[in-house]
$ cat coords_34.pdb   # PDB, C-alpha atoms and all ligand atoms
ATOM      1  CA  MET A   1      66.006 -46.868 -85.268
ATOM      2  CA  VAL A   2      67.936 -50.061 -85.775
ATOM      3  CA  LYS A   3      68.810 -51.965 -82.625
ATOM      4  CA  LEU A   4      72.283 -53.363 -82.040
ATOM      5  CA  ILE A   5      72.908 -56.054 -79.495
ATOM      6  CA  GLY A   6      76.020 -55.669 -77.375
ATOM      7  CA  LYS A   7      79.207 -54.626 -79.116
ATOM      8  CA  ASN A   8      78.518 -56.399 -82.375
ATOM      9  CA  LYS A   9      78.669 -54.458 -85.610
ATOM     10  CA  ILE A  10      75.828 -54.893 -88.058
ATOM     11  CA  ASN A  11      76.062 -55.673 -91.749
ATOM     12  CA  CYS A  12      75.273 -52.803 -94.024
ATOM     13  CA  ALA A  13      74.746 -52.539 -97.791
ATOM     14  CA  VAL A  14      75.465 -49.383 -99.782
ATOM     15  CA  PHE A  15      73.486 -48.789-102.992
ATOM     16  CA  ILE A  16      75.179 -46.627-105.631
ATOM     17  CA  SER A  17      74.938 -45.648-109.299
ATOM     18  CA  GLY A  18      78.060 -43.603-109.916
ATOM     19  CA  ARG A  19      80.875 -41.698-108.314
ATOM     20  CA  GLY A  20      80.796 -43.353-104.893
ATOM     21  CA  SER A  21      82.226 -40.587-102.697
ATOM     22  CA  ASN A  22      79.686 -41.352 -99.966
ATOM     23  CA  LEU A  23      80.464 -45.068-100.282
ATOM     24  CA  LYS A  24      84.099 -44.149 -99.667
ATOM     25  CA  SER A  25      83.296 -42.141 -96.570
ATOM     26  CA  ILE A  26      80.979 -44.843 -95.206
ATOM     27  CA  LEU A  27      83.675 -47.482 -95.728
ATOM     28  CA  LYS A  28      86.263 -45.298 -94.012
ATOM     29  CA  TYR A  29      83.928 -44.831 -91.053
ATOM     30  CA  SER A  30      83.183 -48.568 -90.904
ATOM     31  CA  LYS A  31      86.873 -49.337 -90.384
ATOM     32  CA  LYS A  32      86.977 -47.330 -87.182
ATOM     33  CA  LYS A  33      86.910 -49.338 -84.016
ATOM     34  CA  SER A  34      84.056 -47.279 -82.675
ATOM     35  CA  SER A  35      81.886 -47.680 -85.787
ATOM     36  CA  LYS A  36      78.767 -49.788 -85.665
ATOM     37  CA  ILE A  37      78.795 -51.240 -89.169
ATOM     38  CA  ILE A  38      80.558 -53.524 -91.586
ATOM     39  CA  VAL A  39      80.120 -52.694 -95.277
ATOM     40  CA  LYS A  40      79.235 -56.186 -96.481
ATOM     41  CA  LEU A  41      77.740 -55.442 -99.858
ATOM     42  CA  VAL A  42      77.593 -52.816-102.581
ATOM     43  CA  ILE A  43      74.635 -52.824-104.963
ATOM     44  CA  SER A  44      74.793 -50.878-108.208
ATOM     45  CA  ASN A  45      72.588 -50.639-111.275
ATOM     46  CA  LYS A  46      75.626 -49.615-113.326
ATOM     47  CA  CYS A  47      78.862 -51.492-113.896
ATOM     48  CA  ASN A  48      81.465 -49.082-115.258
ATOM     49  CA  VAL A  49      81.304 -46.449-112.576
ATOM     50  CA  PRO A  50      83.986 -45.169-110.170
ATOM     51  CA  GLY A  51      82.070 -46.515-107.148
ATOM     52  CA  ILE A  52      82.369 -50.058-108.478
ATOM     53  CA  THR A  53      86.056 -49.614-109.312
ATOM     54  CA  PHE A  54      86.497 -48.541-105.700
ATOM     55  CA  ALA A  55      84.523 -51.529-104.350
ATOM     56  CA  LYS A  56      86.703 -53.866-106.420
ATOM     57  CA  LYS A  57      89.884 -52.218-105.169
ATOM     58  CA  LYS A  58      88.732 -52.524-101.564
ATOM     59  CA  LYS A  59      87.543 -56.103-102.135
ATOM     60  CA  ILE A  60      83.995 -55.408-101.022
ATOM     61  CA  ASN A  61      81.426 -57.855-102.288
ATOM     62  CA  PHE A  62      79.457 -56.069-105.008
ATOM     63  CA  LYS A  63      76.522 -56.929-107.251
ATOM     64  CA  ILE A  64      75.533 -55.227-110.480
ATOM     65  CA  ILE A  65      71.784 -55.378-110.908
ATOM     66  CA  ASN A  66      70.131 -55.288-114.304
ATOM     67  CA  TYR A  67      67.168 -52.983-113.895
ATOM     68  CA  LYS A  68      65.305 -53.771-117.128
ATOM     69  CA  ASN A  69      62.614 -55.367-115.043
ATOM     70  CA  ILE A  70      62.200 -53.675-111.690
ATOM     71  CA  LYS A  71      60.352 -56.585-110.069
ATOM     72  CA  SER A  72      63.040 -59.128-110.801
ATOM     73  CA  ALA A  73      65.777 -56.595-110.001
ATOM     74  CA  GLU A  74      64.334 -55.978-106.541
ATOM     75  CA  LYS A  75      63.792 -59.684-105.986
ATOM     76  CA  LYS A  76      67.473 -60.290-106.673
ATOM     77  CA  ILE A  77      68.483 -57.412-104.406
ATOM     78  CA  MET A  78      66.271 -58.683-101.568
ATOM     79  CA  ASN A  79      67.876 -62.123-101.866
ATOM     80  CA  PHE A  80      71.372 -60.630-101.676
ATOM     81  CA  LEU A  81      70.353 -58.618 -98.618
ATOM     82  CA  LYS A  82      69.043 -61.735 -96.904
ATOM     83  CA  LYS A  83      72.024 -63.849 -97.879
ATOM     84  CA  ASN A  84      74.410 -61.254 -96.449
ATOM     85  CA  LYS A  85      72.297 -60.669 -93.321
ATOM     86  CA  ILE A  86      72.033 -56.955 -94.104
ATOM     87  CA  LYS A  87      70.418 -54.943 -91.337
ATOM     88  CA  LEU A  88      70.854 -51.434 -92.765
ATOM     89  CA  VAL A  89      70.708 -50.134 -96.337
ATOM     90  CA  CYS A  90      72.428 -46.841 -97.151
ATOM     91  CA  LEU A  91      71.389 -45.272-100.436
ATOM     92  CA  ALA A  92      74.275 -43.155-101.699
ATOM     93  CA  GLY A  93      73.539 -41.711-105.096
ATOM     94  CA  PHE A  94      71.397 -44.689-106.118
ATOM     95  CA  MET A  95      69.421 -43.418-109.111
ATOM     96  CA  LYS A  96      66.612 -45.965-108.988
ATOM     97  CA  ILE A  97      63.455 -45.548-106.969
ATOM     98  CA  LEU A  98      62.711 -48.482-104.700
ATOM     99  CA  SER A  99      59.164 -49.834-104.887
ATOM    100  CA  LYS A 100      56.730 -49.422-102.031
ATOM    101  CA  SER A 101      56.658 -53.154-101.449
ATOM    102  CA  PHE A 102      60.467 -53.353-101.244
ATOM    103  CA  ILE A 103      60.571 -50.511 -98.736
ATOM    104  CA  ARG A 104      57.780 -52.047 -96.679
ATOM    105  CA  LYS A 105      59.470 -55.452 -96.651
ATOM    106  CA  PHE A 106      62.780 -54.062 -95.471
ATOM    107  CA  GLY A 107      61.163 -51.964 -92.782
ATOM    108  CA  ASN A 108      62.472 -48.731 -91.396
ATOM    109  CA  LYS A 109      66.036 -49.677 -92.209
ATOM    110  CA  ILE A 110      66.782 -47.821 -95.410
ATOM    111  CA  ILE A 111      68.381 -44.387 -95.272
ATOM    112  CA  ASN A 112      69.289 -41.938 -98.021
ATOM    113  CA  ILE A 113      71.410 -38.843 -98.495
ATOM    114  CA  HIS A 114      70.006 -35.920-100.436
ATOM    115  CA  PRO A 115      71.820 -32.735-101.505
ATOM    116  CA  SER A 116      69.366 -30.148-100.168
ATOM    117  CA  LEU A 117      67.812 -28.986 -96.951
ATOM    118  CA  LEU A 118      64.746 -31.202 -97.135
ATOM    119  CA  PRO A 119      61.784 -30.738 -97.315
ATOM    120  CA  LYS A 120      63.021 -28.147 -99.794
ATOM    121  CA  TYR A 121      64.158 -29.288-103.232
ATOM    122  CA  LYS A 122      63.194 -32.934-103.410
ATOM    123  CA  GLY A 123      64.252 -34.716-106.586
ATOM    124  CA  LEU A 124      66.979 -33.742-109.039
ATOM    125  CA  ASN A 125      68.947 -30.574-109.877
ATOM    126  CA  THR A 126      68.761 -29.291-106.320
ATOM    127  CA  HIS A 127      71.701 -26.882-106.590
ATOM    128  CA  GLU A 128      70.468 -25.195-109.780
ATOM    129  CA  ARG A 129      67.046 -24.694-108.254
ATOM    130  CA  ALA A 130      68.350 -23.369-104.929
ATOM    131  CA  ILE A 131      70.577 -20.794-106.687
ATOM    132  CA  LYS A 132      67.824 -19.785-109.114
ATOM    133  CA  ASN A 133      65.475 -19.137-106.215
ATOM    134  CA  ASN A 134      68.054 -16.925-104.514
ATOM    135  CA  GLU A 135      68.188 -19.122-101.452
ATOM    136  CA  LYS A 136      70.637 -17.932 -98.810
ATOM    137  CA  TYR A 137      71.362 -21.441 -97.589
ATOM    138  CA  SER A 138      71.476 -24.961 -98.896
ATOM    139  CA  GLY A 139      72.965 -28.150 -97.544
ATOM    140  CA  CYS A 140      72.369 -31.847 -97.255
ATOM    141  CA  THR A 141      70.062 -34.211 -95.425
ATOM    142  CA  VAL A 142      70.149 -37.854 -94.380
ATOM    143  CA  HIS A 143      66.653 -39.271 -93.952
ATOM    144  CA  PHE A 144      64.784 -42.534 -93.610
ATOM    145  CA  VAL A 145      63.302 -43.770 -96.862
ATOM    146  CA  ASN A 146      59.555 -44.044 -96.981
ATOM    147  CA  GLU A 147      57.122 -44.560 -99.800
ATOM    148  CA  LYS A 148      57.318 -40.960-101.033
ATOM    149  CA  LEU A 149      60.414 -39.588-102.767
ATOM    150  CA  ASP A 150      62.813 -37.738-100.410
ATOM    151  CA  SER A 151      60.067 -37.427 -97.794
ATOM    152  CA  GLY A 152      60.962 -39.782 -94.947
ATOM    153  CA  LYS A 153      61.812 -38.736 -91.422
ATOM    154  CA  ILE A 154      64.903 -36.524 -91.266
ATOM    155  CA  ILE A 155      67.830 -37.948 -89.275
ATOM    156  CA  ILE A 156      70.366 -35.156 -89.607
ATOM    157  CA  GLN A 157      71.070 -32.081 -91.749
ATOM    158  CA  LYS A 158      73.974 -29.773 -92.458
ATOM    159  CA  LYS A 159      73.307 -26.227 -93.566
ATOM    160  CA  ILE A 160      75.787 -24.178 -95.590
ATOM    161  CA  LYS A 161      75.709 -20.662 -96.956
ATOM    162  CA  ILE A 162      75.244 -20.113-100.669
ATOM    163  CA  LEU A 163      77.907 -17.638-101.764
ATOM    164  CA  LYS A 164      77.286 -14.693-104.065
ATOM    165  CA  ASN A 165      79.073 -16.149-107.055
ATOM    166  CA  ASP A 166      78.185 -19.769-106.489
ATOM    167  CA  THR A 167      77.505 -21.865-109.559
ATOM    168  CA  PRO A 168      75.643 -25.190-109.265
ATOM    169  CA  LYS A 169      78.992 -26.913-109.821
ATOM    170  CA  ASN A 170      80.945 -25.319-106.984
ATOM    171  CA  LEU A 171      77.965 -25.416-104.639
ATOM    172  CA  GLU A 172      77.704 -29.138-105.347
ATOM    173  CA  LYS A 173      81.391 -29.535-104.573
ATOM    174  CA  ARG A 174      81.089 -27.797-101.204
ATOM    175  CA  ILE A 175      77.945 -29.673-100.263
ATOM    176  CA  LEU A 176      79.438 -33.020-101.259
ATOM    177  CA  LYS A 177      82.274 -32.461 -98.799
ATOM    178  CA  GLU A 178      79.668 -31.974 -96.075
ATOM    179  CA  GLU A 179      77.697 -35.024 -97.241
ATOM    180  CA  ASN A 180      80.757 -37.190 -96.838
ATOM    181  CA  LYS A 181      81.077 -36.060 -93.200
ATOM    182  CA  LEU A 182      77.358 -36.220 -92.491
ATOM    183  CA  TYR A 183      76.613 -39.768 -93.631
ATOM    184  CA  PRO A 184      78.732 -41.546 -90.978
ATOM    185  CA  LYS A 185      77.171 -39.315 -88.299
ATOM    186  CA  ALA A 186      73.693 -40.272 -89.466
ATOM    187  CA  ILE A 187      74.541 -43.980 -89.409
ATOM    188  CA  SER A 188      75.866 -43.711 -85.910
ATOM    189  CA  LYS A 189      72.736 -41.855 -84.878
ATOM    190  CA  VAL A 190      70.231 -44.416 -86.160
ATOM    191  CA  LEU A 191      71.954 -47.424 -84.667
ATOM    192  CA  ILE A 192      71.040 -47.852 -81.032
ATOM    193  CA  ARG A 193      72.910 -50.253 -78.789
ATOM    194  CA  ILE A 194      70.697 -52.270 -76.451
TER
HETATM  195  C1  LIG A 201      75.155 -37.072-103.726
HETATM  196  O1  LIG A 201      75.110 -35.711-104.008
HETATM  197  C2  LIG A 201      73.918 -37.512-102.997
HETATM  198  O2  LIG A 201      73.404 -36.549-102.136
HETATM  199  C3  LIG A 201      72.960 -37.768-104.122
HETATM  200  O3  LIG A 201      73.739 -38.338-105.124
HETATM  201  C4  LIG A 201      75.099 -37.920-104.996
HETATM  202  C5  LIG A 201      75.956 -39.139-104.879
HETATM  203  O4  LIG A 201      77.314 -38.839-104.837
HETATM  204  N1  LIG A 201      71.845 -38.562-103.687
HETATM  205  P1  LIG A 201      78.397 -39.972-104.605
HETATM  206  O5  LIG A 201      78.170 -41.029-105.681
HETATM  207  O6  LIG A 201      78.230 -40.538-103.240
HETATM  208  O7  LIG A 201      79.721 -39.288-104.791
END

$ encode --input "coords_34.pdb" --output "structure tokens"
Amino acid sequence: MVKLIGKNKINCAVFISGRGSNLKSILKYSKKKSSKIIVKLVISNKCNVPGITFAKKKKINFKIINYKNIKSAEKKIMNFLKKNKIKLVCLAGFMKILSKSFIRKFGNKIINIHPSLLPKYKGLNTHERAIKNNEKYSGCTVHFVNEKLDSGKIIIQKKIKILKNDTPKNLEKRILKEENKLYPKAISKVLIRI
């Protein structure tokens, strides 16, 4: 849990690599009076992606990180987090794996969204695998990030039915809609006012 003092909002950074639909929904939530965050910073390892176009349009401070060398990339990111007094990191389609030392340094303050009902289907291609295995349900999960991929403590999940004729594409579409609603709920849940 991340503690909030009084009515102040905390600074949050969203890490992306692409489309940015969760970034959009987090930003929308942050603008609500009742929200507990300000989206101060967007970090991306890619420059020409819709999420960055959106950040530019909304005038959110963003940084493109060259990931050729992971150590120096993470050092740069950590400095930006410190400079912007970031108290919560939201991974939203960030396609790089954070190192153990980065995660340890930032404490229990990094959360991620994953398009499956964890602990099932960690990693990539979740929808294909769920359909192939004839699962009745799939969904999405927001969880704390720990040192193992998609394995941290679960904060919140949304379950949806897999339909008879579902393809990975349309299942993804339906789940993404739920993701966009779930992420703000998860943020609100992990931030505790004291
Ligand atoms: C989402 O499906 C999320 O669960 C996964 O990556 C995708 C990101 O989508 N980790 P978007 O960029 O937020 O639209």

$ resolve_selection --input "coords_34.pdb" --expression "the PyMOL selection byres (((not hetatm)) within 8 of (chain A and resi 201))" --output "PDB file with C-alpha atoms, in the frame of the given file"
ATOM      1  CA  ILE A  16      75.179 -46.627-105.631  1.00  0.00           C
ATOM      2  CA  SER A  17      74.938 -45.648-109.299  1.00  0.00           C
ATOM      3  CA  GLY A  18      78.060 -43.603-109.916  1.00  0.00           C
ATOM      4  CA  ARG A  19      80.875 -41.698-108.314  1.00  0.00           C
ATOM      5  CA  GLY A  20      80.796 -43.353-104.893  1.00  0.00           C
ATOM      6  CA  SER A  21      82.226 -40.587-102.697  1.00  0.00           C
ATOM      7  CA  ASN A  22      79.686 -41.352 -99.966  1.00  0.00           C
ATOM      8  CA  LEU A  23      80.464 -45.068-100.282  1.00  0.00           C
ATOM      9  CA  LYS A  24      84.099 -44.149 -99.667  1.00  0.00           C
ATOM     10  CA  GLY A  51      82.070 -46.515-107.148  1.00  0.00           C
ATOM     11  CA  LEU A  91      71.389 -45.272-100.436  1.00  0.00           C
ATOM     12  CA  ALA A  92      74.275 -43.155-101.699  1.00  0.00           C
ATOM     13  CA  GLY A  93      73.539 -41.711-105.096  1.00  0.00           C
ATOM     14  CA  PHE A  94      71.397 -44.689-106.118  1.00  0.00           C
ATOM     15  CA  MET A  95      69.421 -43.418-109.111  1.00  0.00           C
ATOM     16  CA  ASN A 112      69.289 -41.938 -98.021  1.00  0.00           C
ATOM     17  CA  ILE A 113      71.410 -38.843 -98.495  1.00  0.00           C
ATOM     18  CA  HIS A 114      70.006 -35.920-100.436  1.00  0.00           C
ATOM     19  CA  PRO A 115      71.820 -32.735-101.505  1.00  0.00           C
ATOM     20  CA  SER A 116      69.366 -30.148-100.168  1.00  0.00           C
ATOM     21  CA  CYS A 140      72.369 -31.847 -97.255  1.00  0.00           C
ATOM     22  CA  THR A 141      70.062 -34.211 -95.425  1.00  0.00           C
ATOM     23  CA  GLU A 172      77.704 -29.138-105.347  1.00  0.00           C
ATOM     24  CA  ILE A 175      77.945 -29.673-100.263  1.00  0.00           C
ATOM     25  CA  LEU A 176      79.438 -33.020-101.259  1.00  0.00           C
ATOM     26  CA  GLU A 179      77.697 -35.024 -97.241  1.00  0.00           C
ATOM     27  CA  ASN A 180      80.757 -37.190 -96.838  1.00  0.00           C
TER      28      ASN A 180
END

$ closest_atom_pairs --input "coords_34.pdb" --of "region 48-109 of chain A" --to "region 26-32 of chain A" --cutoff "10 Å" --atoms "all atoms listed in the file" --output "tab-separated table"
residue	atom	partner	partner_atom	distance
A:Ala55	CA	A:Leu27	CA	9.6
A:Lys58	CA	A:Leu27	CA	9.2
A:Ile60	CA	A:Leu27	CA	9.5
A:Cys90	CA	A:Ile26	CA	9.0
A:Ala92	CA	A:Ile26	CA	9.5

$ resolve_selection --input "coords_34.pdb" --expression "the PyMOL selection byres (((chain A and resi 4) around 10) and not hetatm)" --output "PyMOL selection string"
chain A and resi 1-3+5-10+36-37+87+191-194

$ atom_distance --input "coords_34.pdb" --atom1 "CA of Lys159 (chain A)" --atom2 "CA of Gly139 (chain A)"
4.4 Å

$ atom_distance --input "coords_34.pdb" --atom1 "CA of Lys100 (chain A)" --atom2 "CA of Tyr183 (chain A)"
23.6 Å

$ closest_residue --input "coords_34.pdb" --among "A:Gly123, A:Pro184, A:Pro50, A:Gly107" --to "Asp150 (chain A)" --atoms "all atoms listed in the file"
A:Gly123

$ resolve_selection --input "coords_34.pdb" --expression "the PyMOL selection byres (((chain A and resi 76-84) around 12) and not hetatm)" --output "VMD selection string"
chain A and resid 10 to 15 38 to 45 61 to 67 69 to 75 85 to 89 98 to 99 101 to 106 109 to 110

$ atom_distance --input "coords_34.pdb" --atom1 "CA of Leu149 (chain A)" --atom2 "CA of Asp166 (chain A)"
26.9 Å

$ residues_around --input "coords_34.pdb" --residues "Pro168 (chain A)" --least-positions-apart "3" --cutoff "8 Å" --atoms "all atoms listed in the file" --output "VMD selection string"
chain A and resid 127 to 128 131 171 to 172

$ closest_residue --input "coords_34.pdb" --among "A:Lys68, A:Lys164, A:Lys177, A:Lys122" --to "His143 (chain A)" --atoms "all atoms listed in the file"
A:Lys122

$ residues_around --input "coords_34.pdb" --residues "Lys153 (chain A)" --least-positions-apart "2" --cutoff "9 Å" --atoms "all atoms listed in the file" --output "number ranges by chain"
A: 142-146, 151, 155

$ closest_residue --input "coords_34.pdb" --among "A:Glu135, A:Lys120, A:Val190, A:Thr126" --to "Asn108 (chain A)" --atoms "only C-alpha atoms"
A:Val190

$ closest_residue --input "coords_34.pdb" --among "A:Ile111, A:Ser138, A:Ile154, A:Lys59" --to "Glu178 (chain A)" --atoms "all atoms listed in the file"
A:Ser138
